[in-house]
Every structure is written in structure tokens, then in C-alpha cells.
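To start, the structure under review is shown below, and the notes come after it.
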Amino acid sequence: MLAEAVNVLASADKVTGSLGSVAYGLAAIGPGIGVGIIFGQGVQAIARQPELTNVIRQNMLLGFALTEALALIGFVVPFVHK
Amino acid sequence: MSAPHLLASGSGDEFEAPGLHIFDWGPLIPSGPAWLDWLTKPTLIVILAGLLITVFAWRAFGNPKLVPKGVQNVGEVGYLFVRDQVARPMIGKDGDKWMPFLFSTFFFVLFMNLAGVVPVLQLPATSHIAIPIVLAIVVYLMMLFLSIKHQGLVGYFKNMMFPPGLPAPLYIILAPIELLSNIVLRPFTHAVRLFANMFAGHLLIAFFSTVAWWFLAEKLTVLGAGVGVVGFLMTIIMTAFEIFVQSLQAFIFTLLAASYIGGALHPDH
Amino acid sequence: MVRPAKSEEEHRPDPGSEDSDHRGFANAAWAIPSYILSGMAVYGGLGKLLDHWLGTSALFPIGILVGLALAIYLVFHRYGR
């Protein structure tokens with residue numbers, strides 16, 4: 001296993017494999033955290049002030065749309081930039 | 001042909017992670033007659049799931065007692081869950097009419113998913129895209145039929161493609177987005193959500209169990225033992241997590257089916 | 001006979017409206033990714049076709065971004081205030 005790691009380090013000037021998948025994996029981290037924060041805080045806000053439920057839900061949806069767009073940009077970048 | 005041996009198919013001295021080949025299953029009886037070639041492991045799981053839900057519903061609701069006991073208890077809890085969490089919130093007051101469909105969809109998908117953690121089967125049948133796609137197409141055709149029946153052909157496309165309150169030129173550039181989103185991408189995402197979750201989950205479990213088997217049983221070294229223990233623990237954790245994800249995905253699949261049916265019946269939302 | 005029932009109904013919040021709000025919210029949350037994807041697919045595809053015909057290479061990413069912006073505008077219009 002150690003020898004394998006050394007090999008990987010030695011061939012650092014050349015990266016092969018399905019890099020698009022790796023890139024999407026990395027690109028999905030941020031939006032994943034963002035969507036979690038949006039819905040988590042949104043549920044908390046609704047629990048604290050149930051009378052504002054409709055306003056909070058609208059803002060949750062808009063924030064979700066903007067965050068989800070980032071994840072989907074990461075999804076199409078491998079198609080654009082080959 | 002033991003299961004770990006099949007997973008760790010690397011022949012050399014290097015660890016080989018399980019790839020897509022763990023989803024390829026030939027005919028169940030390799031030297032059987034040609035007309036039995038359709039009987040592969042995923043097909044068998046689908047048949048078993050179908051039989052299981054038939055028996056389950058029969059035992060639960062075939063001869064109902066006023067005071068439920070045994071299987072009827074489980075069946076009633078499941079029925080109430082689907083009715084109160086899926087049918088009524090998503091379809092509305094006439095949701096009870098759709099309960100037979102939603103109940104069988106939920107438990108059919110659930111049983112097929114749970115086959116991924118049942119010791120001998122160990123393959124979620126829904127990790128083959130064909131099966132979610134067939135289920136999604138059934139829901140999709142039903143949604144199209146109901147929409148056209150309840151809103152009319154012109155009304156359906158008008159409600160879908162032209163949301164009120166936009167300036168007229170914008171309709172020309174926004175209508176294709178609505179059309180593609182509602183007609184093409186809807187059944188696609190419906191099926192892919194279920195498929196991708198089951199596929200990735202099965203691959204994860206296979207990966208960690210292969211790591212554990214390789215570093216603890218086949219090539220036990222001082223350095224590798226730690227990795228093997230981590231893989232073993234992760235296998236257990238991921239299996240528990242998979243049970244959760246499998247139930248959740250069955251719920252979400254049913255929820256989306258109900259949401260599409262509800263949207264077809266009441267177009268105002 | 002009818003009056004008490006009516007006044008009672010006025011005090012009680014309508015159970016149906018909360019249900020339909022919940023349904024609208026759930027539908028929207030599930031529909032948003034597919035709106036954004038289809039926006040990118042429609043205008044990205046248009047850009048790719050134009051690239052193919054005109055021999056350029058910049059229109060595909062531009063089309064994707066335009067489609068993204070239009071899809072987010074559509075989502076804001078549908079589910080915003």
C-alpha cells in the first residue's frame with residue numbers, strides 16, 4: 001500500500017481517470033452544505049415564528065433555487081469544458 | 001462462489017475496488033435452458049417483492065378484525081402512514097381514493113429497496129434503472145391522462161406553459177423551459193432519484209465490505225489491519241444508513257407520485 | 001341553527017388551506033431542480049446548435065448561463081411573492 005502511495009505521488013504531473021465525476025463530487029460539497037443550512041434554518045425559523053410560515057417558505061424556496069443552481073452548474077461544466 | 005470473493009474479483013496482489021460489474025448478473029441457472037435466461041437475480045427480487053406485498057396485504061386486510069392483531073397491526077400502521085403522510089397532504093380530500101395505488105407502490109418499492117440489506121439477496125432491485133423507469137412511466141402516463149381528463153388538452157398545456165402575470169414576450173422564451181421541465185425531465189428525475197440513491201448506496205456498502213475482507217482476511221498485514229477495521233466498522237454504519245435511505249427513498253418516490261397525481265387533479269398549485 | 005356553525009367556522013383556521021400550502025411548498029421544492037436543469041438544457045442546447053452552425057465555441061457556455069438565469073427568473077416568478 002505504501003509503494004502504491006509513492007507511485008501515486010510520483011506520477012503527480014499526470015492525472016487520469018474520470019475527472020468530470022471528481023469535479024462534480026467536489027462541486028457538490030458547497031451546495032450540499034448550503035441546502036442543508038437553508039432548510040435547517042428555515043425549519044427553525046418556522047418553529048420559532050409559525051405565523052410567518054408563508055414568508056419563510058417563500059424565502060426558503062428562493063434561496064434553495066439559487067443554491068441548487070450552483071450544484072447544477074457543477075454538473076454541466078464537464079460537458080462544456082472537455 | 002462466495003459473495004466476498006465475487007466482490008473482490010482482483011486476481012493480483014493489489015486491492016481492486018468493486019466496479020460496475022457487481023450489478024451485472026447473468027442467468028440465475030447458468031446451464032439452464034434458454035427460455036429461463038430472463039430469470040436473473042434482479043428479476044427474482046422483483047418477483048419476490050411482488051409476492052411479498054401480495055401476501056402481506058392479504059394477511060393484513062384479507063380478513064380484517066375489529067380489534068387488529070398480528071400482521072393486521074403492521075398493515076394498519078403502514079396504511080395510516082401512507083394515508084396521512086402521502087395521500088392526504090399531497091392529493092387532498094379525495095386522496096383516500098388513490099390509497100390502493102399509493103400503498104402498493106410504497107411497499108413494492110420499499111421491499112425492492114430493502115433487498116439490498118437482506119443477507120442472501122443483497123442487491124436492491126431498484127439499482128437497475130429499468131425498474132424505477134417502468135414505475136415512473138406508469139405514474140407519468142397516469143398523470144398525463146388525469147391532467148387531460150380534468151383540465152382538457154388545451155387547458156393542460158395552457159396551465160403548464162403560461163403562468164399568468166408575465167409580460168407577453170417572455171412567454172416565448174420561458175415556455176420551452178416549462179415544457180421540457182414538465183414533460184421530459186419530470187419522469188426522468190422521478191426515476192433517477194430512486195435509481196441513483198440505490199446504486200450509490202449499494203456501491204458504498206460493497207466498497208467498504210471489500211476493503212474489510214481484503215485487508216482483514218486475504219492480505220492481513222500490520223499496516224493494513226487498521227484500514228480493514230475501519231472498513232469493517234464503516235460497513236456496519238453504512239448498512240444502517242442504507243436501511244434509512246432505502247425507506248426514505250421509497251417514501252419520496254411515493255410522495256412524488258402522489259404529488260404529480262394531485263397536481264393533475266387540482267391544477268391551481 | 002346555521003349561525004353558530006358559521007361563527008365557529010370563522011374562528012377555526014381552515015384545515016384545507018394549510019394542507020394545500022404544504023402541497024404547494026413540497027411541489028415547488030421538488031420542481032425547482034428540474035426547472036433549472038431544463039433551462040440549462042434548452043438554452044445550452046440552442047447555444048450548442050448555433051456553435052455547430054456558426055463555427056464558434058463560446059455560445060454553448062453563454063447559452064447555459066442564460067438558460068440558468070431565465071430558469072431562476074421563472075422560479076422567482078412562480079414561487080416568489
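Just remember, in the C-alpha cells the first chain shown is A, the second B, etc., residues are 1-based per chain, and ligands are 1-based in the order shown.
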Interface list for chain B, partner chain A, 12 Å threshold, only C-alpha atoms, as a ChimeraX atom specification: /B:13-16,215,219,221-225,227
Chain C residues near chain A (9 Å cut-off, only C-alpha atoms) as a ChimeraX atom specification: /C:21,25,28-29,32-33,36-37,40,60-61,64-65,68,72,75-76,79-81
Under the rule of at most 12 Å, produce a per-residue listing of chain B near chain C: chain, number, name, the closest pair of atoms, and the distance in Å, as a tab-separated table, using only C-alpha atoms.
```
residue	atom	partner	partner_atom	distance
B:Asp84	CA	C:Asp19	CA	11.1
B:Gln85	CA	C:Asp19	CA	11.0
B:Val86	CA	C:Arg23	CA	10.0
B:Ala87	CA	C:Arg23	CA	10.6
B:Arg88	CA	C:Asp19	CA	8.1
B:Pro89	CA	C:Asp19	CA	5.5
B:Met90	CA	C:Arg23	CA	5.3
B:Ile91	CA	C:Arg23	CA	8.0
B:Gly92	CA	C:Asp19	CA	7.2
B:Lys93	CA	C:Gly16	CA	8.3
B:Asp94	CA	C:Gly16	CA	11.9
B:Gly95	CA	C:Asp19	CA	11.8
B:Met160	CA	C:Arg78	CA	11.3
B:Met161	CA	C:Leu74	CA	11.0
B:Phe162	CA	C:Arg78	CA	10.6
B:Pro163	CA	C:Arg78	CA	7.3
B:Pro164	CA	C:Arg78	CA	9.1
B:Gly165	CA	C:His77	CA	8.6
B:Leu166	CA	C:His77	CA	8.2
B:Pro167	CA	C:His77	CA	11.4
B:Leu170	CA	C:Leu70	CA	9.5
B:Tyr171	CA	C:Leu74	CA	10.2
B:Ile172	CA	C:Leu70	CA	11.7
B:Ile173	CA	C:Leu70	CA	8.3
B:Leu174	CA	C:Leu70	CA	7.2
B:Ala175	CA	C:Leu74	CA	9.9
B:Pro176	CA	C:Val42	CA	7.0
B:Ile177	CA	C:Gly39	CA	5.1
B:Glu178	CA	C:Tyr35	CA	7.0
B:Leu179	CA	C:Ser38	CA	8.7
B:Leu180	CA	C:Ser38	CA	5.8
B:Ser181	CA	C:Ser38	CA	5.3
B:Asn182	CA	C:Ser34	CA	8.2
B:Ile183	CA	C:Ser38	CA	10.3
B:Val184	CA	C:Ser38	CA	8.8
B:Leu185	CA	C:Ser34	CA	6.3
B:Arg186	CA	C:Ser34	CA	7.0
B:Pro187	CA	C:Ser34	CA	10.3
B:Phe188	CA	C:Ser34	CA	9.4
B:Thr189	CA	C:Ser34	CA	7.3
B:His190	CA	C:Trp30	CA	9.6
B:Val192	CA	C:Ser34	CA	11.8
B:Arg193	CA	C:Trp30	CA	10.9
B:Ile252	CA	C:Trp30	CA	10.1
B:Phe253	CA	C:Trp30	CA	11.3
B:Leu255	CA	C:Ala26	CA	9.3
B:Leu256	CA	C:Trp30	CA	8.0
B:Ala257	CA	C:Asn27	CA	10.9
B:Ala258	CA	C:Arg23	CA	10.1
B:Ser259	CA	C:Asn27	CA	6.6
B:Tyr260	CA	C:Asn27	CA	8.3
B:Ile261	CA	C:Asn27	CA	11.2
B:Gly262	CA	C:Arg23	CA	8.6
B:Gly263	CA	C:Asn27	CA	8.3
B:Ala264	CA	C:Asn27	CA	11.9
B:His266	CA	C:Ser20	CA	9.9
B:Pro267	CA	C:Gly24	CA	10.6
B:Asp268	CA	C:Gly24	CA	9.2
B:His269	CA	C:Gly24	CA	5.5
```
Near-Leu19 of chain A list (12 Å; only C-alpha atoms; drop same-chain fewer than 4 positions) as a PyMOL selection string: chain A and resi 14-15+23-27+77-79+81-82
Using C-alpha atoms, can you export the residues from the last selection as a CSV table (one decimal), in the first residue's frame?
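again.csv written:
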```
chain,number,residue,atom,x,y,z
A,14,LYS,CA,-0.3,13.4,-14.9
A,15,VAL,CA,-3.9,13.0,-13.7
A,23,ALA,CA,-15.1,17.6,-10.3
A,24,TYR,CA,-18.8,17.2,-9.7
A,25,GLY,CA,-18.1,15.5,-6.4
A,26,LEU,CA,-16.1,18.5,-5.3
A,27,ALA,CA,-18.6,20.9,-6.7
A,77,VAL,CA,-19.2,22.1,-16.6
A,78,PRO,CA,-17.7,18.7,-17.6
A,79,PHE,CA,-19.9,18.7,-20.7
A,81,HIS,CA,-15.1,22.1,-20.9
A,82,LYS,CA,-13.8,18.9,-22.2
```
For Phe101 of chain B: contacts at 10 Å, only C-alpha atoms, fewer than 2 positions along chain excluded, given as a PyMOL selection string: chain B and resi 97-99+103-106+139+254+257-258
Å distance separating atom CA of Leu28 of chain B from atom CA of Ile129 of chain B, one decimal place: 19.6 Å
All residues 7 Å or closer to segment 49-60 of chain B, only C-alpha atoms, same chain fewer than 5 positions away omitted, as a list in words: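 Near segment 49-60 of chain B, the qualifying residues are Val71, Gln72, Gly75, Phe107, Phe108, Phe111 and Met112 of chain B.
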Go ahead and write the selection's residues with N, CA, C and O atoms as an mmCIF file, in the first residue's frame.
```cif
data_model
loop_
_atom_site.group_PDB
_atom_site.id
_atom_site.type_symbol
_atom_site.label_atom_id
_atom_site.label_comp_id
_atom_site.auth_asym_id
_atom_site.auth_seq_id
_atom_site.Cartn_x
_atom_site.Cartn_y
_atom_site.Cartn_z
ATOM 1 N N VAL B 71 -50.385 -9.468 11.834
ATOM 2 C CA VAL B 71 -49.989 -8.731 10.631
ATOM 3 C C VAL B 71 -50.902 -7.539 10.396
ATOM 4 O O VAL B 71 -50.483 -6.519 9.850
ATOM 5 N N GLN B 72 -52.174 -7.664 10.832
ATOM 6 C CA GLN B 72 -53.106 -6.565 10.580
ATOM 7 C C GLN B 72 -52.641 -5.281 11.252
ATOM 8 O O GLN B 72 -52.840 -4.193 10.707
ATOM 9 N N GLY B 75 -49.995 -3.811 9.013
ATOM 10 C CA GLY B 75 -50.632 -3.293 7.813
ATOM 11 C C GLY B 75 -51.361 -1.991 8.077
ATOM 12 O O GLY B 75 -51.287 -1.063 7.270
ATOM 13 N N PHE B 107 -45.019 0.028 -0.760
ATOM 14 C CA PHE B 107 -44.454 -1.198 -0.208
ATOM 15 C C PHE B 107 -43.695 -1.997 -1.261
ATOM 16 O O PHE B 107 -42.710 -2.660 -0.930
ATOM 17 N N PHE B 108 -44.118 -1.904 -2.510
ATOM 18 C CA PHE B 108 -43.366 -2.580 -3.582
ATOM 19 C C PHE B 108 -41.955 -2.015 -3.671
ATOM 20 O O PHE B 108 -40.956 -2.756 -3.651
ATOM 21 N N PHE B 111 -39.905 -2.903 -0.498
ATOM 22 C CA PHE B 111 -39.392 -4.268 -0.448
ATOM 23 C C PHE B 111 -38.244 -4.454 -1.430
ATOM 24 O O PHE B 111 -37.254 -5.121 -1.131
ATOM 25 N N MET B 112 -38.365 -3.850 -2.607
ATOM 26 C CA MET B 112 -37.274 -3.982 -3.575
ATOM 27 C C MET B 112 -36.019 -3.297 -3.061
ATOM 28 O O MET B 112 -34.907 -3.789 -3.259
#
```
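Separating atom CA of Phe39 of chain A from atom CA of Ala240 of chain B is a distance of 24.2 Å.
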Alpha helix (DSSP H) residues, from DSSP on the backbone, in segment 1-79 of chain A, as a PyMOL selection string: chain A and resi 2-10+19-27+29-48+53-79
Atomic distance atom CA of His202 of chain B - atom CA of Tyr140 of chain B, expressed in Å with one decimal: 26.8 Å
Residue contacts of Trp38 of chain B (10 Å, only C-alpha atoms) excluding same-chain residues fewer than 6 positions away, as a list in words: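 Surrounding residues, per the criterion: Gly26, Pro27, Leu28 and Leu44 of chain B.
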Pick from B:Gln249, B:Thr43, B:Asn73, B:Gln122, whichever lies nearest to Ala191 of chain B using only C-alpha atoms: B:Gln249
